[in-house]
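Q: A single structure is presented below for examination.
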Amino acid sequence: MRLSRYFMPTLREAPSDAQVVSHQLMLRAGMIRQEAAGIYAWLPLGLRVLKKIEQIVREEMDRAGAIEVLMPTLQLADLWRESGRYEDYGDEMLRITDRHKRDLLYGPTAEEVITEIFRAYVKSYKDLPKNFYNIQWKFRDERRPRFGVMRGREFLMKDAYSFDVDEAAARRSYNRMFIAYLNTYARLGLNVVPMKADPGPIGGDLSHEFIILADTGESQVFCHKDLIEMGAPGDVDWDGDLQPLVEQRTNLYAATEEMHDEAAFAAVPEDKRLSARGIEVGHIFYFGEKYSKPMKAEVAGPDGQNRPIHGGSYGVGVSRLTGAIIEASHDEAGIIWPDAVAPFGVAVINLRPGDAAVDEVAETAYQALIAAGKDPLLDDSDQRPGAKFAAIDLVGIPWQLVVGPKGVADGTVEIKRRATGEKQTLPLEQALKVITA
């Protein structure tokens with residue numbers, strides 16, 4: 001992509017009402033534009049990041065055996081009346097009446113819709129287990145939307161739903177998602193801690209939030225410090241016993257503020273206690289027969305008798321993750337994207353567009369990086385060098401390759417790693433090898 005043909009409306013200053021770093025930097029980097037309270041248009045740069053996060057989430061869901069579907073944003077109120085949640089959900093639900101006077105709602109989640117789909121087609125325990133996931137826009141009419149995409153009203157969410165014949169099988173499905181979430185966040189460059197959590201309006205008796213620690217976190221969290229150092233499980237036998245891997249992380253104390261037990265936390269060795277601010281980036285639930293009983297989602301068991309299925313749901317805030325990654329990875333100059341989700345892999349910065357020799361080297365570097373699959377952005381704008389460097393630092397592209405007249409005369413270019421600030425002056429061919437290694 002050539003910057004002269006792109007749309008990247010960066011700002012020198014963030015609007016005064018942007019309270020947290022991620023909101024400030026997303027506005028300044030031209031990633032989003034607010035259209036209404038808690039509702040944002042995703043501009044080209046932001047959309048590229050959003051799509052990359054979405055794809056990583058999709059790949060890890062597929063790897064864990066979940067099957068993708070796409071459910072509607074508008075849902076029938078009658079389904080929610082079946083489950084008993086239509087009146088219980090509260091004012092966060094946006095209720096709508098269409099021209100035929102049918103009651104609809106803009107889905108805040110989709111347990112009812114997926115249960116209705118499941119019961120229409122699956123009739124036997126022999127067809128279980130099943131796990132369907134959906135990456136779709138949701139709406140919750142927050143009373144006080146704030147923190148940009150971290151707590152907006154409209155948001156992109158991955159929601160998965162498992163269906164099993166009994167509690168033991170359902171807990172195995174829960175474990176699969178628990179492990180898949182750890183792997184997902186590791187690929188996104190995040191260090192998460194799973195914490196016992198309140199299931200809230202989703203229901204059920206088993207629930208974990210996945211939390212990243214950040215000074216700007218919206219809630220207080222408490223955990224054993226060893227959890228911070230645990231890496232992701234990585235490749236596992238998805239059909240094997242995952243319980244030991246789950247217990248390795250859940251046997252150590254970790255809880256959100258709502259579920260905190262001061263006495264249990266006091267039993268943790270003092271040098272291992274950690275109290276910090278945290279940002280929720282995912283939430284999983286086992287809720288048993290909460291939806292299947294009222295909605296009559298049943299299968300024939302091994303004895304031929306119909307029985308309600310046992311369910312679970314598993315949410316990842318895809319758009320929220322964009323803000324959370326920034327909260328965890330930035331400096332005074334701007335965003336520092338992990339390579340996996342960066343909008344572009346390399347910024348080729350031409351310091352003197354119009355100079356034939358400089359243009360030629362910049363173009364050669366740009367084409368070589370395209371061929372290497374590094375998804376480069378060529379800054380061929382006529383901005384001053386200082387403005388170019390500031391803008392590229394702001395948007396957080398992992399590598400910079402700088403082409404200027406002095407370097408061209410010497411047969412070199414400069415490369416910079418955004419995360420560390422390390423710079424090297426090298427011949428172009430060698431510089432390309434470093435970046436593409």
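By convention here, the chains of the structure tokens are called A, B, ... in the order presented, each chain's residues are numbered starting at 1, and ligands are numbered starting at 1 in the order presented.
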Write out as a list of chain:residue names each polymer residue whose atoms come within 12 Å of Ala266 in chain A, counting only C-alpha atoms; drop sequence neighbours fewer than 5 positions from it.
A: A:Phe222, A:Cys223, A:His224, A:Tyr253, A:His260, A:Asp261, A:Asp271, A:Lys272, A:Arg273, A:Leu274, A:Ser275
Q: With DSSP run on the backbone, what are the strand (DSSP E or B) residues within range 61-262 of chain A? I'd like them as an MDAnalysis selection string.
A: chainID A and resid 67:69 74:76 94:97 103:106 124 130:139 146 151 154:164 192:196 206:213 219:224 254:256
Q: Give me the residues within 10 Å of range 323-337 of chain A as a ChimeraX atom specification, counting only C-alpha atoms and dropping any in the same chain fewer than 4 places off.
A: /A:20-26,28-29,49,147-151,185,188-191,211-217,278-281,317-319,341-345,389-398,417-420
Q: Just the residues within 9 Å of range 286-294 of chain A, please, counting only C-alpha atoms, with nothing from its chain fewer than 4 positions along; format it as a compact mmCIF listing (two decimals) with N, CA and C atoms, in the first residue's frame.
A:
```
# COMPACT_ATOMS: atom_id res chain seq x y z
N GLU A 82 -39.04 -17.56 25.50
CA GLU A 82 -38.95 -18.99 25.78
C GLU A 82 -37.94 -19.28 26.87
N SER A 83 -36.78 -18.65 26.79
CA SER A 83 -35.73 -18.92 27.76
C SER A 83 -35.97 -18.21 29.09
N GLY A 84 -36.87 -17.22 29.08
CA GLY A 84 -37.15 -16.47 30.30
C GLY A 84 -36.26 -15.26 30.48
N GLU A 111 -27.36 -17.11 22.79
CA GLU A 111 -27.70 -18.45 23.31
C GLU A 111 -29.03 -18.95 22.77
N GLU A 112 -30.03 -18.07 22.74
CA GLU A 112 -31.36 -18.50 22.30
C GLU A 112 -31.38 -18.87 20.82
N THR A 115 -29.53 -22.16 20.20
CA THR A 115 -30.28 -23.28 20.75
C THR A 115 -31.45 -23.65 19.85
N ARG A 119 -31.82 -27.33 18.13
CA ARG A 119 -32.95 -28.23 18.38
C ARG A 119 -33.69 -28.60 17.09
N SER A 162 -21.41 -24.64 23.07
CA SER A 162 -21.21 -26.09 23.04
C SER A 162 -22.48 -26.81 23.47
N ASP A 166 -24.26 -34.73 28.55
CA ASP A 166 -24.33 -34.69 30.01
C ASP A 166 -23.27 -33.74 30.55
N GLU A 167 -23.25 -33.60 31.87
CA GLU A 167 -22.35 -32.64 32.49
C GLU A 167 -20.88 -32.99 32.27
N ALA A 170 -19.92 -31.99 28.86
CA ALA A 170 -19.94 -30.53 28.75
C ALA A 170 -18.70 -29.90 29.37
N ARG A 171 -18.24 -30.48 30.45
CA ARG A 171 -17.03 -29.94 31.09
C ARG A 171 -15.79 -30.22 30.24
N TYR A 174 -15.86 -27.48 27.84
CA TYR A 174 -15.42 -26.27 28.52
C TYR A 174 -13.89 -26.22 28.56
N PRO A 199 -20.90 -15.52 36.65
CA PRO A 199 -21.50 -15.76 35.34
C PRO A 199 -22.52 -14.72 34.91
N ILE A 202 -25.76 -14.61 31.97
CA ILE A 202 -25.64 -15.80 31.13
C ILE A 202 -26.10 -17.03 31.91
N GLY A 203 -25.76 -17.07 33.21
CA GLY A 203 -26.18 -18.17 34.07
C GLY A 203 -25.11 -19.24 34.20
N GLY A 204 -25.40 -20.24 35.04
CA GLY A 204 -24.50 -21.36 35.21
C GLY A 204 -23.70 -21.29 36.50
N ASP A 205 -22.90 -22.34 36.74
CA ASP A 205 -22.15 -22.43 38.00
C ASP A 205 -20.65 -22.54 37.79
N LEU A 206 -20.19 -22.40 36.54
CA LEU A 206 -18.76 -22.48 36.26
C LEU A 206 -18.44 -21.41 35.23
N SER A 207 -17.52 -20.52 35.59
CA SER A 207 -17.24 -19.40 34.71
C SER A 207 -15.84 -18.86 34.98
N GLU A 298 -33.57 -31.07 23.17
CA GLU A 298 -33.35 -32.41 23.70
C GLU A 298 -32.77 -33.33 22.63
N ARG A 307 -33.51 -36.29 26.53
CA ARG A 307 -32.96 -35.57 27.68
C ARG A 307 -32.47 -34.20 27.22
N PRO A 308 -32.57 -33.17 28.08
CA PRO A 308 -32.06 -31.85 27.69
C PRO A 308 -30.54 -31.87 27.59
N ILE A 309 -30.02 -31.16 26.61
CA ILE A 309 -28.56 -31.11 26.45
C ILE A 309 -27.96 -30.21 27.53
N HIS A 310 -26.65 -30.34 27.70
CA HIS A 310 -25.90 -29.47 28.60
C HIS A 310 -25.09 -28.50 27.74
N GLY A 311 -25.16 -27.23 28.08
CA GLY A 311 -24.55 -26.21 27.23
C GLY A 311 -23.51 -25.37 27.92
N GLY A 312 -22.74 -24.69 27.08
CA GLY A 312 -21.77 -23.70 27.54
C GLY A 312 -21.65 -22.61 26.50
N SER A 313 -21.20 -21.45 26.90
CA SER A 313 -20.95 -20.37 25.93
C SER A 313 -19.60 -19.73 26.22
N TYR A 314 -19.01 -19.17 25.16
CA TYR A 314 -17.61 -18.77 25.22
C TYR A 314 -17.43 -17.51 24.38
```
Q: Got a sec to tell me which of range 14-256 of chain A DSSP assigns to alpha helix (DSSP H), as a PyMOL selection string?
A: chain A and resi 21-28+44-63+77-83+111-121+167-187+226-229+243-250
Q: Rounded to one decimal, what separation in Å do you get between CA of Gln34 in chain A and CA of Ser4 in chain A?
A: 24.5 Å
Q: Return the single residue from A:Ile179, A:Ala347, A:Met259, A:Leu79 that is closest to Gly231 in chain A, with distances computed using only C-alpha atoms.
A: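 Of all the options, A:Ile179 lies closest to Gly231 in chain A.
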Q: Given the choices A:Val402, A:Ile32, A:Met61, A:Leu74, which gets closest to Asn350 in chain A if the distance is worked out from only C-alpha atoms?
A: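 Of A:Val402, A:Ile32, A:Met61, A:Leu74, the one nearest Asn350 in chain A, counting only C-alpha atoms, is A:Val402.
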Q: CA of Pro376 in chain A to CA of Leu428 in chain A: how many Å, to one decimal?
A: 15.1 Å
Q: Suppose you want the space between CA of Trp238 in chain A and CA of Gly65 in chain A; what is it in Å?
A: 8.1 Å
Q: Write out as a list in words which residues come within 8 Å of range 378-385 of chain A when counting only C-alpha atoms, dropping same-chain ones fewer than 3 positions away.
A: Met1, Arg2, Leu3, Ser4, Ala347, Val348, Ile349, Asn350, Leu351, Arg352, Pro353, Ala362, Tyr366, Lys388 and Phe389 of chain A
Q: For a quick check of understanding, using only C-alpha atoms, which of A:Ala297, A:Ala18, A:Leu245, A:Val408 has the smallest distance to Asp359 in chain A?
A: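 Of A:Ala297, A:Ala18, A:Leu245, A:Val408, the one nearest Asp359 in chain A, counting only C-alpha atoms, is A:Val408.
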Q: From the set A:Ala276, A:Ala37, A:Ile96, A:Met71, which residue has the shortest atom-to-atom contact distance to Glu218 in chain A, counting only C-alpha atoms?
A: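 Closest to Glu218 in chain A of all the choices is A:Ala276.
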Q: Can you pull out the residues contacting Arg140 in chain A? Cut-off 12 Å, using only C-alpha atoms, and skip same-chain residues under 3 positions away; I want them as a list in words.
A: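 Counting only C-alpha atoms, the residues come to Ala37, Gly38, Ile39, Thr73, Tyr89, Gly90, Asp91, Glu92, Met93, Leu94, Arg95, Leu105, Tyr106, Gly107, Pro108, Thr109, Trp137, Arg143, Arg144, Pro145, Arg151, Gly152, Arg153, Glu154, Phe155, Leu156 and Met157 of chain A.
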